[in-house]
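Pasting data04.cif here (mmCIF, C-alpha atoms):
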data_model
#
loop_
_atom_site.label_atom_id
_atom_site.label_comp_id
_atom_site.auth_asym_id
_atom_site.auth_seq_id
_atom_site.Cartn_x
_atom_site.Cartn_y
_atom_site.Cartn_z
CA MET A 1 -35.82 -89.41 143.05
CA ALA A 2 -38.10 -87.15 145.10
CA LYS A 3 -38.40 -83.60 143.85
CA ALA A 4 -40.71 -80.61 144.29
CA TYR A 5 -41.81 -78.38 141.42
CA SER A 6 -43.53 -75.00 141.33
CA LEU A 7 -46.61 -74.94 139.08
CA PHE A 8 -46.48 -71.15 138.77
CA GLU A 9 -49.85 -69.66 137.78
CA GLY A 10 -48.92 -66.00 137.53
CA SER A 11 -48.66 -62.68 139.35
CA TYR A 12 -51.68 -60.72 140.61
CA SER A 13 -52.86 -57.72 142.54
CA VAL A 14 -55.63 -58.15 145.11
CA ASP A 15 -57.62 -55.31 146.70
CA SER A 16 -60.51 -55.21 149.17
CA SER A 17 -62.85 -56.71 146.55
CA LYS A 18 -60.73 -59.89 146.76
CA LYS A 19 -60.56 -60.05 142.97
CA PHE A 20 -57.28 -61.34 141.54
CA VAL A 21 -56.21 -59.07 138.70
CA PRO A 22 -53.24 -60.15 136.53
CA PHE A 23 -50.20 -57.98 137.17
CA ASP A 24 -47.13 -57.81 134.94
CA PRO A 25 -44.34 -55.93 136.76
CA LYS A 26 -42.69 -55.23 133.40
CA LYS A 27 -45.57 -53.10 132.16
CA ASP A 28 -48.00 -52.50 135.05
CA ASP A 29 -47.47 -49.81 137.69
CA PRO A 30 -48.35 -50.67 141.32
CA LYS A 31 -49.33 -47.02 141.85
CA ASP A 32 -52.29 -47.58 139.56
CA ARG A 33 -53.67 -50.14 142.00
CA PRO A 34 -53.82 -48.42 145.40
CA GLY A 35 -54.60 -50.52 148.43
CA SER A 36 -53.61 -53.73 146.66
CA LEU A 37 -51.44 -56.65 147.68
CA PHE A 38 -49.16 -58.02 144.97
CA ILE A 39 -48.70 -61.77 145.00
CA HIS A 40 -47.54 -64.71 142.94
CA VAL A 41 -49.43 -68.00 142.90
CA HIS A 42 -47.45 -71.26 143.13
CA PRO A 43 -49.28 -74.56 143.47
CA PHE A 44 -46.76 -77.38 143.88
CA LEU A 45 -46.14 -80.88 142.63
CA ILE A 46 -44.02 -83.37 144.57
CA GLU A 47 -42.77 -86.47 142.83
CA THR A 48 -42.33 -89.42 145.19
CA LYS A 49 -41.73 -93.11 144.63
CA ASP A 50 -45.30 -93.76 145.78
CA GLY A 51 -46.94 -91.29 143.40
CA LEU A 52 -47.52 -87.63 142.56
CA ILE A 53 -48.78 -85.13 145.14
CA VAL A 54 -50.29 -81.72 144.38
CA LEU A 55 -50.34 -79.08 147.12
CA ASP A 56 -53.11 -76.51 146.64
CA THR A 57 -54.44 -75.91 143.14
CA GLY A 58 -54.27 -72.21 142.27
CA LEU A 59 -57.01 -70.00 140.86
CA GLY A 60 -58.10 -72.41 138.17
CA LEU A 61 -57.09 -70.10 135.32
CA ARG A 62 -56.88 -71.31 131.73
CA ASN A 63 -54.24 -70.67 129.06
CA GLU A 64 -54.64 -69.65 125.42
CA ASP A 65 -55.33 -73.30 124.52
CA ASP A 66 -58.28 -73.36 126.95
CA GLU A 67 -56.44 -75.72 129.27
CA LEU A 68 -56.03 -75.33 133.02
CA VAL A 69 -52.67 -73.69 133.64
CA ILE A 70 -51.94 -76.18 136.42
CA HIS A 71 -52.58 -79.05 133.97
CA ALA A 72 -50.33 -77.52 131.32
CA ASN A 73 -47.53 -77.01 133.84
CA ILE A 74 -47.71 -80.60 135.06
CA LYS A 75 -47.60 -81.90 131.49
CA LYS A 76 -44.60 -79.69 130.69
CA LEU A 77 -42.74 -81.49 133.47
CA GLY A 78 -43.46 -84.80 131.76
CA PHE A 79 -46.12 -86.06 134.16
CA SER A 80 -49.71 -87.20 133.66
CA ILE A 81 -52.70 -85.61 135.40
CA ASP A 82 -54.13 -89.09 135.90
CA ASP A 83 -51.12 -90.08 138.02
CA VAL A 84 -51.77 -87.52 140.77
CA LYS A 85 -52.55 -89.59 143.86
CA TYR A 86 -53.25 -86.88 146.45
CA VAL A 87 -54.30 -83.22 146.35
CA LEU A 88 -53.39 -81.71 149.71
CA MET A 89 -55.41 -78.58 150.48
CA SER A 90 -54.11 -76.15 153.10
CA HIS A 91 -57.47 -74.33 153.05
CA LEU A 92 -60.22 -73.48 150.57
CA HIS A 93 -59.77 -69.81 149.70
CA LYS A 94 -60.36 -69.37 145.99
CA ASP A 95 -56.74 -68.60 145.08
CA HIS A 96 -55.80 -71.99 146.50
CA ALA A 97 -58.85 -74.07 145.56
CA GLY A 98 -60.02 -72.79 142.15
CA GLY A 99 -58.02 -75.43 140.30
CA MET A 100 -59.61 -78.35 142.13
CA VAL A 101 -62.14 -78.46 139.29
CA ASP A 102 -61.84 -78.20 135.51
CA VAL A 103 -64.67 -76.23 133.86
CA LYS A 104 -64.71 -76.51 130.07
CA ASP A 105 -67.48 -76.10 127.49
CA GLY A 106 -70.01 -75.79 130.28
CA VAL A 107 -68.99 -79.11 131.82
CA LYS A 108 -67.54 -79.26 135.32
CA ARG A 109 -65.30 -82.17 136.30
CA LEU A 110 -62.55 -82.94 138.77
CA ALA A 111 -59.19 -81.54 137.73
CA PHE A 112 -57.47 -84.63 139.19
CA PRO A 113 -59.92 -87.49 138.67
CA ASN A 114 -57.83 -90.24 140.28
CA ALA A 115 -56.72 -88.25 143.32
CA GLU A 116 -58.03 -88.03 146.85
CA TYR A 117 -58.55 -84.42 147.93
CA VAL A 118 -57.37 -84.08 151.53
CA ILE A 119 -59.35 -81.36 153.33
CA GLN A 120 -59.98 -80.43 156.95
CA GLU A 121 -63.65 -81.28 157.50
CA GLN A 122 -64.38 -78.15 159.52
CA GLU A 123 -62.77 -75.97 156.82
CA TRP A 124 -65.13 -77.56 154.31
CA GLU A 125 -68.16 -76.99 156.53
CA TYR A 126 -67.19 -73.37 157.18
CA ALA A 127 -66.59 -72.68 153.48
CA TYR A 128 -70.11 -73.84 152.68
CA SER A 129 -71.77 -71.95 155.53
CA THR A 130 -70.24 -68.52 154.89
CA GLU A 131 -71.06 -65.97 152.20
CA SER A 132 -67.47 -64.75 152.02
CA ALA A 133 -66.10 -63.80 148.60
CA SER A 134 -63.00 -65.79 149.53
CA TYR A 135 -64.77 -69.08 148.72
CA ARG A 136 -66.27 -70.55 145.54
CA THR A 137 -69.03 -72.97 146.44
CA ASP A 138 -69.63 -73.79 142.76
CA VAL A 139 -66.24 -75.52 142.81
CA PHE A 140 -67.06 -77.31 146.05
CA ASP A 141 -70.34 -78.65 144.59
CA VAL A 142 -68.44 -80.58 141.92
CA LEU A 143 -66.03 -82.04 144.46
CA GLN A 144 -68.83 -83.00 146.82
CA ARG A 145 -70.53 -85.10 144.13
CA SER A 146 -67.31 -86.84 143.15
CA GLY A 147 -66.67 -89.03 146.16
CA ASN A 148 -62.98 -88.08 145.99
CA ILE A 149 -62.86 -86.08 149.23
CA LEU A 150 -60.83 -87.45 152.11
CA PHE A 151 -61.83 -85.47 155.19
CA VAL A 152 -59.39 -85.21 158.07
CA ASN A 153 -59.80 -83.69 161.51
CA GLY A 154 -57.06 -82.16 163.63
CA SER A 155 -53.53 -83.44 163.07
CA GLY A 156 -52.28 -86.85 162.06
CA ASP A 157 -50.60 -89.09 159.50
CA LEU A 158 -52.19 -89.65 156.12
CA THR A 159 -49.56 -92.13 154.92
CA PRO A 160 -46.06 -93.06 156.12
CA GLU A 161 -44.85 -90.15 153.95
CA ILE A 162 -47.55 -87.50 154.51
CA SER A 163 -48.60 -85.83 157.75
CA TYR A 164 -50.96 -82.91 158.35
CA GLU A 165 -51.29 -80.42 161.20
CA LEU A 166 -54.31 -78.28 162.02
CA SER A 167 -52.66 -74.87 162.43
CA GLY A 168 -55.52 -72.34 162.47
CA GLY A 169 -53.54 -69.17 161.86
CA HIS A 170 -54.51 -67.86 158.44
CA SER A 171 -57.99 -69.37 158.48
CA GLN A 172 -59.68 -71.03 161.43
CA TYR A 173 -59.17 -74.54 160.05
CA HIS A 174 -56.02 -74.01 158.01
CA GLN A 175 -53.64 -76.97 157.88
CA VAL A 176 -49.99 -77.46 156.95
CA PHE A 177 -48.27 -80.54 155.54
CA HIS A 178 -45.04 -82.46 155.77
CA VAL A 179 -44.08 -84.83 152.97
CA LYS A 180 -41.14 -86.94 154.15
CA THR A 181 -39.67 -89.04 151.40
CA GLU A 182 -36.25 -90.36 150.43
CA GLY A 183 -34.56 -88.53 153.30
CA LYS A 184 -36.17 -85.17 152.49
CA ASN A 185 -38.77 -83.27 154.51
CA TYR A 186 -40.90 -81.02 152.32
CA PHE A 187 -42.90 -78.52 154.36
CA PHE A 188 -45.91 -76.69 152.94
CA GLY A 189 -47.15 -73.88 155.16
CA GLY A 190 -49.90 -72.61 152.85
CA ASP A 191 -50.79 -69.04 153.75
CA GLU A 192 -49.10 -69.16 157.14
CA LEU A 193 -45.67 -69.13 155.52
CA PRO A 194 -46.39 -67.98 151.96
CA GLU A 195 -43.18 -66.03 151.28
CA PRO A 196 -39.56 -66.53 152.39
CA GLU A 197 -39.28 -62.90 153.51
CA GLU A 198 -41.90 -63.55 156.19
CA ILE A 199 -39.50 -65.86 158.03
CA PHE A 200 -37.44 -62.86 159.08
CA ARG A 201 -40.26 -60.44 159.88
CA SER A 202 -42.37 -60.41 163.01
CA PHE A 203 -45.77 -58.93 162.15
CA ILE A 204 -49.49 -59.39 162.67
CA ALA A 205 -51.50 -59.39 159.43
CA LYS A 206 -55.12 -58.23 159.24
CA TYR A 207 -55.85 -60.83 156.56
CA ASP A 208 -55.15 -63.71 158.98
CA TYR A 209 -57.91 -65.24 161.10
CA ASP A 210 -55.56 -65.19 164.11
CA GLY A 211 -52.72 -62.81 163.30
CA ARG A 212 -50.79 -63.45 166.51
CA ARG A 213 -50.95 -67.20 166.05
CA ALA A 214 -49.88 -66.91 162.40
CA ARG A 215 -46.93 -64.73 163.46
CA ASP A 216 -45.86 -67.25 166.09
CA LEU A 217 -46.27 -70.18 163.71
CA ARG A 218 -43.96 -68.56 161.15
CA ALA A 219 -41.26 -68.29 163.78
CA GLN A 220 -41.90 -71.86 164.93
CA TYR A 221 -41.71 -73.32 161.42
CA TRP A 222 -38.31 -71.74 160.86
CA ALA A 223 -36.91 -72.49 164.32
CA GLU A 224 -37.82 -76.17 163.95
CA GLY A 225 -37.10 -76.61 160.28
CA ALA A 226 -33.88 -74.71 159.66
CA PRO A 227 -31.64 -76.94 161.83
CA GLU A 228 -33.35 -80.04 160.40
CA GLY A 229 -32.98 -78.97 156.77
CA TRP A 230 -36.64 -78.79 155.83
CA ILE A 231 -37.38 -77.88 152.22
CA TYR A 232 -39.94 -75.05 152.26
CA LEU A 233 -42.63 -74.54 149.62
CA PHE A 234 -43.70 -70.88 149.42
CA TYR A 235 -47.10 -70.48 147.76
CA HIS A 236 -47.04 -66.71 147.19
CA SER A 237 -43.31 -66.13 146.76
CA LYS A 238 -42.01 -63.51 144.34
CA ASN A 239 -38.53 -65.07 144.21
CA ILE A 240 -37.73 -68.36 145.96
CA ALA A 241 -40.61 -70.82 145.54
CA VAL A 242 -38.76 -73.93 146.77
CA GLY A 243 -36.22 -73.00 149.43
CA LYS A 244 -33.86 -74.64 151.88
CA PRO A 245 -31.93 -73.32 154.89
CA GLU A 246 -28.23 -72.66 154.61
CA GLN A 247 -26.13 -72.02 157.72
CA ARG A 248 -23.92 -68.96 157.90
CA GLU A 249 -20.54 -68.86 159.60
CA ASP A 250 -22.08 -67.27 162.68
CA GLY A 251 -24.48 -70.21 163.10
CA SER A 252 -27.60 -68.41 161.87
CA TYR A 253 -29.55 -69.58 158.84
CA LYS A 254 -30.59 -67.98 155.58
CA ILE A 255 -32.97 -69.30 152.95
CA VAL A 256 -31.61 -70.22 149.50
CA ASN A 257 -33.10 -71.64 146.35
CA ALA A 258 -33.47 -75.42 146.46
CA GLU A 259 -34.67 -75.93 142.89
#

When written as structure tokens, how does the structure in this file appear?
Amino acid sequence: MAKAYSLFEGSYSVDSSKKFVPFDPKKDDPKDRPGSLFIHVHPFLIETKDGLIVLDTGLGLRNEDDELVIHANIKKLGFSIDDVKYVLMSHLHKDHAGGMVDVKDGVKRLAFPNAEYVIQEQEWEYAYSTESASYRTDVFDVLQRSGNILFVNGSGDLTPEISYELSGGHSQYHQVFHVKTEGKNYFFGGDELPEPEEIFRSFIAKYDYDGRRARDLRAQYWAEGAPEGWIYLFYHSKNIAVGKPEQREDGSYKIVNAE
């Protein structure tokens, strides 16, 4: 039976340096970190009859056993890393792409050795050509040598279950995904719909490449998906990571936990 799982990697504060600093709301005070955004990081795993799918890969942090957190979380669910068939990348900012590669004892290898990494080709080219602190080219070097990249351009269908759309709101070549399987439509909006609260707010964010487009896309994703019962995967959510629409008596929709 198809199901989506959060592979929660932790909570962080991020300031203008773009460094992700662990943040524990039980003991850390936001006032001590002025000018910071406070976010959670949720890569996702979708189990389908045709194989396992990972959506974005987190920061690539390791646990106390020196294992990638994303690996440990997948194993806790009873799955094997070797069975991941596709890694769907919304974009290549380091908080989404750090876990594409496993670096241990000085050796760098693919985190998902049997998977195809689905990346917008122009996003890849831009990530390599810029000196932005948002990207980690050392991670990209390992992937480039692997032969496991599946470049896509624009929008289209990857498989009968998986489709991708070039959206271009958060980053210039950002993409979103639909995974339609067993009567369910899982929607992953990456950083264009990272939190459920953003569905109900109309705002233009300075951290988006095209803030107006990102704002309009958020509204579009909800207007299209709520009546159709999409299951939303929220990468930076502080509460509902996997959500679904629920209709109120007045005909409007709210988002509720789907896990």

Given 5 Å of margin on each side, can you work out the centre and size in Å (one decimal) of an axis-aligned box holding every listed atom of segment 114-127 of chain A, as lines of an AutoDock Vina configuration file?
center_x = -62.4
center_y = -81.5
center_z = 149.9
size_x = 21.4
size_y = 27.6
size_z = 29.2

Assuming the chain letters and numbering stay as they are in my file, what does the PyMOL selection byres ((chain A and resi 2-9) around 10) actually select? List them as a PyMOL selection string.
chain A and resi 1+10-12+40-55+57-63+68-74+76-77+180-184+186+231-237+240-242+258-259

Closest to Gly243 of chain A among A:Val107, A:Ile149, A:Ala205, A:Ala226, using all atoms listed in the file?
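Nearest candidate to Gly243 of chain A out of A:Val107, A:Ile149, A:Ala205, A:Ala226: A:Ala226.
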
Suppose a student applies the PyMOL selection byres ((chain A and resi 169) around 6) to this structure; what residues should they get, written as a VMD selection string?
chain A and resid 167 to 168 170 to 171 209 to 210 213 to 214

Kindly give the distance, in Å, that separates atom CA of Pro194 of chain A and atom CA of Val87 of chain A, rounded to a single decimal.
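According to the coordinates, atom CA of Pro194 of chain A and atom CA of Val87 of chain A are separated by 18.1 Å.
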
Near Thr137 of chain A, counting only C-alpha atoms, which residues have an atom at most 9 Å away, once you skip same-chain residues fewer than 5 positions from it, shown as a ChimeraX atom specification?
/A:127-128,142

Check which residues satisfy the PyMOL selection byres ((chain A and resi 92) around 9) in the file shown, then give them as number ranges by chain.
A: 56, 89-91, 93-98, 119, 123-124, 127, 134-136, 174

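Atom pair atom CA of Pro113 of chain A / atom CA of Leu193 of chain A: separated by 28.7 Å.
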
Residues near Val176 of chain A, cut-off 6 Å, all atoms listed in the file, skip fewer than 6 positions along chain, as a VMD selection string:
chain A and resid 90 164 to 165 188 to 189

Measuring atom to atom with all atoms listed in the file, identify which of A:Tyr117, A:Phe140, A:Trp222, A:Tyr86 is nearest to Ile162 of chain A.
A:Tyr86

Identify which of the residues A:Asp216, A:Gln144, A:Val179, A:Asp65 lies closest to Glu121 of chain A, counting all atoms listed in the file when measuring atom-to-atom distances.
A:Gln144

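Going from atom CA of Arg201 of chain A over to atom CA of Leu88 of chain A, you cover 27.0 Å.
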
Which of A:Pro25, A:Ser132, A:Asn148, A:Phe187 sits closest to Ser163 of chain A [using only C-alpha atoms]:
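Among the listed residues, the smallest separation from Ser163 of chain A belongs to A:Phe187.
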